[in-house]
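Undergrad: Sharing a structure below in structure tokens format, with a few things to ask.
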Amino acid sequence: MAPDPLRGALLVLGCPQVPVQTAIALYLVSRLRKLGIVPVIAGNRAARMLVEVSDPDRHYTGEVIDLDRCVGEIADGTRDFRLCFVFIHNDAGITYGATVQAISKASMIAVVFGEHHDEVLSSIPFPCEMIEAGVDHNPAPLRQKIDAVLPWITKNL
């Protein structure tokens with residue numbers, strides 16, 4: 001039997017302008033690991049640096065990769081994932097989500113947050129599950145929603 005080419009979960013981090021993104025990403029990575037799912041974090045340089053500085057000994061993060069490199073690897077078939085959590089608070093996040101959704105076999109989950117989350121929600125053009133809260137700083141509402149849906153998401157892979 002050939003090995004399963006779809007592995008783990010990809011977390012696509014956009015611009016880290018909204019503080020809640022890094023906290024929720026690290027929380028989600030921890031939860032995924034406890035469920036036996038290997039997470040990979042992809043982001044631009046600023047997003048990667050915030051994650052790497054927040055977890056210098058890589059207790060939670062594991063692999064952290066450049067977002068454009070990751071997209072390239074998915075596009076050329078080098079790697080793919082079972083799950084993809086796309087963190088979205090602006091148009092750039094929507095664009096990356098649409099790109100990954102178009103080239104990946106992953107089940108897509110949009111994590112939508114920020115001051116303009118209602119506008120962002122209505123602008124997402126690709127099919128996905130959504131976890132959303134209009135928060136910038138307080139991670140508690142997103143954490144509660146992740147805790148509520150993560151067992152269902154991982155059970156239905």
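Residue names in the structure tokens use chain letters A, B, ... in the order shown, residue numbers from 1 in each chain, and ligand numbers from 1 in the order shown.
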If we count only C-alpha atoms, what is near Pro16 of chain A at a cut-off of 9 Å, once residues fewer than 5 positions away on the same chain are taken out, given as a ChimeraX atom specification?
TA: /A:21-22,44,46-47,50
Undergrad: Using only C-alpha atoms, find each residue of segment 9-94 of chain A with at least one atom at most 7 Å away from an atom of segment 127-136 of chain A; report its shortest atom-to-atom pair and that distance in Å (one decimal), sort the rows by chain and rising residue number, and return the result as JSON lines.
TA:
{"residue": "A:Val18", "atom": "CA", "partner": "A:Asp136", "partner_atom": "CA", "distance": 5.5}
{"residue": "A:Pro19", "atom": "CA", "partner": "A:Asp136", "partner_atom": "CA", "distance": 6.2}
{"residue": "A:Val20", "atom": "CA", "partner": "A:Asp136", "partner_atom": "CA", "distance": 5.6}
Undergrad: What gap, in Å, lies between atom CA of Glu119 of chain A and atom CA of Ser30 of chain A?
TA: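 Atom CA of Glu119 of chain A sits 29.3 Å away from atom CA of Ser30 of chain A.
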Undergrad: Quote the spacing between atom CA of Phe87 of chain A and atom CA of Asp57 of chain A in Å to one decimal place.
TA: 23.4 Å
Undergrad: Could you tell me how far atom CA of Val29 of chain A sits from atom CA of Gln144 of chain A, in Å to one decimal place?
TA: 14.8 Å
Undergrad: As a PyMOL selection string, which residues of segment 15-125 of chain A does DSSP assign to alpha helix (DSSP H)?
TA: chain A and resi 20-34+45-54+67-75+91-103+117-123
Undergrad: Looking at A:Ile37, A:Leu67, A:Leu11, A:Ala98, which one is nearest to Cys84 of chain A, with distances taken over only C-alpha atoms?
TA: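 Nearest to Cys84 of chain A: A:Leu11.
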Undergrad: Given only C-alpha atoms as the basis, pick out the residue of A:Leu83, A:Cys70, A:Ala42, A:Leu26 nearest to Lys155 of chain A.
TA: A:Leu83
Undergrad: Go through chain A and collect every residue that DSSP, computed from the backbone, puts in strand (DSSP E); the answer should be as a PyMOL selection string.
TA: chain A and resi 9-13+39-43+63-66+83-88+107-113+129-133
Undergrad: When you look at Lys34 of chain A with a cut-off of 12 Å (counting only C-alpha atoms), what residues show up, excluding the ones that are within fewer than 3 positions of it in the same chain? I need them as a list of chain:residue names.
TA: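 Once the adjacent positions are removed, what remains is A:Tyr27, A:Leu28, A:Val29, A:Ser30, A:Arg31, A:Ile37, A:Val38, A:Pro39, A:Tyr60, A:Leu150, A:Pro151, A:Thr154.
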Undergrad: Store the residues picked out above, limited to N, CA and C atoms, as a tab-separated table (two decimals), in the first residue's frame.
TA:
chain	number	residue	atom	x	y	z
A	27	TYR	N	-2.21	28.28	19.77
A	27	TYR	CA	-3.21	27.48	20.47
A	27	TYR	C	-3.70	26.32	19.59
A	28	LEU	N	-4.01	26.63	18.35
A	28	LEU	CA	-4.49	25.60	17.42
A	28	LEU	C	-3.43	24.54	17.18
A	29	VAL	N	-2.18	24.94	17.03
A	29	VAL	CA	-1.09	23.98	16.86
A	29	VAL	C	-1.04	23.02	18.05
A	30	SER	N	-1.17	23.55	19.25
A	30	SER	CA	-1.14	22.73	20.45
A	30	SER	C	-2.30	21.73	20.44
A	31	ARG	N	-3.48	22.20	20.11
A	31	ARG	CA	-4.66	21.32	20.07
A	31	ARG	C	-4.51	20.23	19.00
A	37	ILE	N	-2.27	15.17	15.16
A	37	ILE	CA	-2.16	15.76	13.82
A	37	ILE	C	-0.93	16.66	13.77
A	38	VAL	N	-0.05	16.42	12.82
A	38	VAL	CA	1.18	17.19	12.71
A	38	VAL	C	0.88	18.50	11.98
A	39	PRO	N	1.12	19.64	12.65
A	39	PRO	CA	0.86	20.93	12.01
A	39	PRO	C	2.11	21.47	11.31
A	60	TYR	N	5.74	23.69	20.41
A	60	TYR	CA	4.46	23.58	19.73
A	60	TYR	C	4.58	23.66	18.22
A	150	LEU	N	-13.34	21.73	16.61
A	150	LEU	CA	-12.17	20.94	16.24
A	150	LEU	C	-12.42	19.43	16.32
A	151	PRO	N	-13.09	18.92	17.35
A	151	PRO	CA	-13.36	17.48	17.35
A	151	PRO	C	-14.19	17.03	16.15
A	154	THR	N	-11.87	17.19	12.90
A	154	THR	CA	-10.87	16.12	12.81
A	154	THR	C	-11.52	14.74	12.69
Undergrad: Given the choices A:Ile153, A:Ala9, A:Ile24, A:Ile74, which gets closest to Val112 of chain A if the distance is worked out from only C-alpha atoms?
TA: A:Ile24
